[in-house]
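Raw contents of my_file-v9.csv, CSV, C-alpha atoms:
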```csv
chain,number,residue,atom,x,y,z
F,15,MET,CA,116.2,104.6,98.0
F,16,ASN,CA,112.7,103.5,97.1
F,17,ASN,CA,110.0,103.6,99.7
F,18,ILE,CA,107.2,101.2,99.0
F,19,ALA,CA,104.0,101.1,101.0
F,20,THR,CA,101.2,98.6,100.6
F,21,ILE,CA,97.8,99.7,101.5
F,22,GLU,CA,94.8,97.4,101.6
F,23,THR,CA,91.5,98.8,100.5
F,24,TYR,CA,88.1,97.3,101.0
F,25,GLU,CA,84.9,98.1,99.3
F,26,PRO,CA,82.0,99.2,101.6
F,27,LEU,CA,79.4,96.5,102.1
F,28,THR,CA,75.8,96.9,101.0
F,29,ARG,CA,72.9,96.1,103.3
F,30,GLU,CA,72.3,92.9,101.4
F,31,GLN,CA,76.0,91.8,101.9
F,32,LEU,CA,75.7,92.4,105.6
F,33,VAL,CA,73.0,89.8,105.9
F,34,VAL,CA,74.9,86.6,106.3
F,35,GLU,CA,72.9,83.5,105.3
F,36,GLN,CA,72.8,80.8,107.9
F,37,LEU,CA,75.2,78.0,107.0
F,38,PRO,CA,75.0,74.5,108.4
F,39,VAL,CA,78.6,74.8,109.7
F,40,SER,CA,78.7,74.6,113.4
F,41,THR,CA,79.2,78.0,115.1
F,42,LYS,CA,80.1,76.3,118.4
F,43,ARG,CA,83.6,77.4,119.4
F,44,ALA,CA,85.8,74.4,119.3
F,45,LEU,CA,89.6,74.3,118.9
F,46,PRO,CA,91.2,71.6,116.8
F,47,ALA,CA,92.4,68.6,118.7
F,48,THR,CA,96.0,68.2,119.5
F,49,PRO,CA,98.5,67.8,117.9
F,50,PHE,CA,97.3,71.0,116.1
F,51,PRO,CA,98.7,72.4,113.9
F,52,ARG,CA,100.6,69.2,113.1
F,53,LYS,CA,98.7,66.8,110.9
F,54,TYR,CA,96.4,69.6,109.7
F,55,VAL,CA,96.0,71.6,106.5
F,56,LEU,CA,95.8,75.2,107.7
F,57,SER,CA,94.6,78.0,105.4
F,58,VAL,CA,93.8,81.7,105.7
F,59,PHE,CA,90.8,83.7,104.5
F,60,VAL,CA,90.1,87.4,104.4
F,61,ASP,CA,86.3,86.8,104.7
F,62,LEU,CA,84.6,84.6,107.2
F,63,GLN,CA,81.9,83.7,104.7
F,64,ASP,CA,84.6,82.2,102.3
F,65,ALA,CA,86.0,80.1,105.2
F,66,ARG,CA,82.5,78.8,106.0
F,67,GLN,CA,81.8,78.0,102.4
F,68,ALA,CA,85.1,76.1,102.1
F,69,ALA,CA,84.2,74.2,105.2
F,70,LEU,CA,80.9,73.3,103.6
F,71,ALA,CA,82.7,72.1,100.4
F,72,LEU,CA,84.9,69.9,102.5
F,73,ARG,CA,82.0,68.4,104.3
F,74,ALA,CA,80.1,67.8,101.0
F,75,ALA,CA,83.2,66.0,99.7
F,76,GLY,CA,83.0,63.6,102.6
F,77,PHE,CA,85.6,65.0,105.1
F,78,ASP,CA,84.8,64.4,108.7
F,79,GLU,CA,83.0,67.3,110.3
F,80,GLN,CA,85.0,66.8,113.5
F,81,GLY,CA,88.2,67.3,111.6
F,82,ILE,CA,87.1,70.7,110.1
F,83,ASN,CA,87.5,73.9,112.2
F,84,VAL,CA,86.8,77.5,111.2
F,85,LEU,CA,88.8,79.7,113.5
F,86,GLN,CA,88.8,83.4,114.4
F,87,SER,CA,92.2,85.1,114.9
F,88,SER,CA,92.1,84.7,118.7
F,89,ASP,CA,91.1,81.0,118.4
F,90,LEU,CA,94.2,80.4,116.2
F,91,VAL,CA,96.5,82.1,118.7
F,92,GLU,CA,95.0,80.0,121.5
F,93,ALA,CA,95.2,76.8,119.6
F,94,VAL,CA,98.8,77.3,118.6
F,95,ALA,CA,99.6,78.2,122.2
F,96,GLN,CA,98.2,74.9,123.5
F,97,ASP,CA,100.8,73.0,121.6
F,98,GLN,CA,103.8,72.5,123.9
F,99,SER,CA,105.7,70.0,121.7
F,100,PRO,CA,109.5,69.9,121.9
F,101,PHE,CA,109.5,70.2,118.1
F,102,ASP,CA,108.2,73.8,118.1
F,103,ILE,CA,111.4,75.1,116.6
F,104,ILE,CA,110.8,73.1,113.4
F,105,THR,CA,107.6,75.0,112.5
F,106,SER,CA,108.1,78.2,114.4
F,107,ILE,CA,108.6,80.1,111.1
F,108,ASP,CA,105.3,78.8,109.8
F,109,TYR,CA,103.6,79.8,113.1
F,110,ASP,CA,104.9,83.3,112.6
F,111,ILE,CA,103.3,83.6,109.2
F,112,TYR,CA,99.9,82.6,110.5
F,113,LEU,CA,100.3,84.7,113.7
F,114,ARG,CA,101.0,87.7,111.4
F,115,GLU,CA,97.7,86.9,109.6
F,116,ALA,CA,95.9,86.6,112.9
F,117,SER,CA,97.1,90.0,113.9
F,118,ARG,CA,95.5,91.3,110.7
F,119,GLY,CA,92.1,89.9,111.8
F,120,ARG,CA,92.0,87.0,109.3
F,121,PHE,CA,90.0,83.8,109.5
F,122,PHE,CA,91.4,80.3,109.4
F,123,LEU,CA,90.3,76.9,108.3
F,124,ALA,CA,92.0,73.8,109.7
F,125,VAL,CA,91.2,70.4,108.2
F,126,ARG,CA,92.7,67.1,109.3
F,127,PRO,CA,93.2,64.8,106.2
F,128,ALA,CA,93.1,61.1,106.6
F,129,GLY,CA,96.3,60.9,104.6
F,130,TYR,CA,98.6,62.5,102.0
F,131,ALA,CA,96.3,61.3,99.2
F,132,GLN,CA,93.7,63.9,100.2
F,133,LEU,CA,96.0,66.9,100.0
F,134,LYS,CA,95.3,67.7,96.4
F,135,GLN,CA,91.6,67.3,96.9
F,136,ILE,CA,91.7,69.7,99.9
F,137,ARG,CA,93.7,72.2,97.8
F,138,ASP,CA,91.2,72.0,95.0
F,139,LEU,CA,88.3,72.5,97.4
F,140,LEU,CA,89.9,75.5,99.1
F,141,ALA,CA,91.1,77.4,96.1
F,142,PRO,CA,87.7,78.5,94.8
F,143,HIS,CA,86.9,80.1,98.2
F,144,HIS,CA,89.9,82.5,98.1
F,145,ALA,CA,92.1,80.5,100.6
F,146,TYR,CA,95.7,81.4,100.8
F,147,LEU,CA,98.7,80.2,102.8
F,148,ALA,CA,97.3,76.7,102.7
F,149,ARG,CA,99.9,74.3,104.0
F,150,TYR,CA,99.9,70.8,105.4
F,151,ILE,CA,101.9,70.8,108.6
F,152,ASP,CA,103.3,67.4,109.3
F,153,THR,CA,105.5,66.3,112.2
F,154,TRP,CA,108.8,67.0,110.3
F,155,THR,CA,107.7,68.7,107.1
F,156,VAL,CA,105.5,71.5,105.7
F,157,THR,CA,103.9,71.1,102.3
F,158,GLU,CA,102.6,74.3,100.6
F,159,LEU,CA,99.3,73.7,98.8
F,160,LEU,CA,98.4,77.3,98.0
F,161,PRO,CA,100.7,80.4,98.2
```

Render the structure in this file as C-alpha cells.
Amino acid sequence: MNNIATIETYEPLTREQLVVEQLPVSTKRALPATPFPRKYVLSVFVDLQDARQAALALRAAGFDEQGINVLQSSDLVEAVAQDQSPFDIITSIDYDIYLREASRGRFFLAVRPAGYAQLKQIRDLLAPHHAYLARYIDTWTVTELLP
C-alpha cells in the first residue's frame, strides 16, 4: 500500500511584498445578489492580490462593477448559505468543492456575465491571475472554464 501525502509550502514574504498597493476595487463587504451562485462564474485564488487584480481586469474589459465580487472564505460560505433554492441538489457537489477551498482560507471571485458569449473572455481574463476552479454555474448546468 502506498501512502501519499501532499504538503503545501509557501515562501516567506518580504517586507515589500507585505505592503499591498491600494487597488481601486471596492473593499466594502458585499455579497453577490441572488441567485448566487447560479448565473455566476465562480473562481478560486490562493492570493487576495491575484483576486483583486483579476477583478480590475474584468472592470477594465467593461464588466459591470456591481456584478464582480471578491469574497473571503467566510463570505463565500455565507453567500452559498443564503441560497435556499429547491434545486440545491443539482449543484451540491460543486458547492462542496468550493466549500473545501473556503476551509483552506482561499479567496473567491464571482462575476455575473451578461450571457454565454462572455464566458471565454472571462476565462481569458482570469487565467493570467492564477485563478483555478473557474466554473459558470447556470440553473441546470455547470461549465468548467479553468480546472

| request: Just give me the gap between CA of Ala69 in chain F and CA of Leu139 in chain F in Å, one decimal is fine. | output: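 Interatomic distance here is 9.0 Å.
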
| message | Show me, as a PyMOL selection string, the residues that have an atom within 10 Å of range 56-64 of chain F when counting only C-alpha atoms, minus same-chain residues fewer than 6 positions from it. | response | chain F and resi 34-35+37+50+70+83-87+112+115-116+118-126+137+140-151+158-161

Output file for the selection above: C-alpha atoms, as an mmCIF file, in the coordinates of the input:
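File produced: result_19.cif:
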```
data_model
loop_
_atom_site.group_PDB
_atom_site.id
_atom_site.type_symbol
_atom_site.label_atom_id
_atom_site.label_comp_id
_atom_site.auth_asym_id
_atom_site.auth_seq_id
_atom_site.Cartn_x
_atom_site.Cartn_y
_atom_site.Cartn_z
ATOM 1 C CA VAL F 34 74.900 86.600 106.300
ATOM 2 C CA GLU F 35 72.900 83.500 105.300
ATOM 3 C CA LEU F 37 75.200 78.000 107.000
ATOM 4 C CA PHE F 50 97.300 71.000 116.100
ATOM 5 C CA LEU F 70 80.900 73.300 103.600
ATOM 6 C CA ASN F 83 87.500 73.900 112.200
ATOM 7 C CA VAL F 84 86.800 77.500 111.200
ATOM 8 C CA LEU F 85 88.800 79.700 113.500
ATOM 9 C CA GLN F 86 88.800 83.400 114.400
ATOM 10 C CA SER F 87 92.200 85.100 114.900
ATOM 11 C CA TYR F 112 99.900 82.600 110.500
ATOM 12 C CA GLU F 115 97.700 86.900 109.600
ATOM 13 C CA ALA F 116 95.900 86.600 112.900
ATOM 14 C CA ARG F 118 95.500 91.300 110.700
ATOM 15 C CA GLY F 119 92.100 89.900 111.800
ATOM 16 C CA ARG F 120 92.000 87.000 109.300
ATOM 17 C CA PHE F 121 90.000 83.800 109.500
ATOM 18 C CA PHE F 122 91.400 80.300 109.400
ATOM 19 C CA LEU F 123 90.300 76.900 108.300
ATOM 20 C CA ALA F 124 92.000 73.800 109.700
ATOM 21 C CA VAL F 125 91.200 70.400 108.200
ATOM 22 C CA ARG F 126 92.700 67.100 109.300
ATOM 23 C CA ARG F 137 93.700 72.200 97.800
ATOM 24 C CA LEU F 140 89.900 75.500 99.100
ATOM 25 C CA ALA F 141 91.100 77.400 96.100
ATOM 26 C CA PRO F 142 87.700 78.500 94.800
ATOM 27 C CA HIS F 143 86.900 80.100 98.200
ATOM 28 C CA HIS F 144 89.900 82.500 98.100
ATOM 29 C CA ALA F 145 92.100 80.500 100.600
ATOM 30 C CA TYR F 146 95.700 81.400 100.800
ATOM 31 C CA LEU F 147 98.700 80.200 102.800
ATOM 32 C CA ALA F 148 97.300 76.700 102.700
ATOM 33 C CA ARG F 149 99.900 74.300 104.000
ATOM 34 C CA TYR F 150 99.900 70.800 105.400
ATOM 35 C CA ILE F 151 101.900 70.800 108.600
ATOM 36 C CA GLU F 158 102.600 74.300 100.600
ATOM 37 C CA LEU F 159 99.300 73.700 98.800
ATOM 38 C CA LEU F 160 98.400 77.300 98.000
ATOM 39 C CA PRO F 161 100.700 80.400 98.200
#
```

| CA of Arg114 in chain F to CA of Val55 in chain F, straight-line distance in Å |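 Computed distance, CA of Val55 in chain F to CA of Arg114 in chain F, equals 17.6 Å.
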
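Put simply, CA of Asp110 in chain F is 22.5 Å away from CA of Leu133 in chain F.
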
| request: Would you mind telling me which residue in F:Leu113, F:Trp154, F:Gln132, F:Val94 lies nearest to Leu72 in chain F when using only C-alpha atoms? | output: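 Of F:Leu113, F:Trp154, F:Gln132, F:Val94, the one nearest Leu72 in chain F is F:Gln132, counting only C-alpha atoms.
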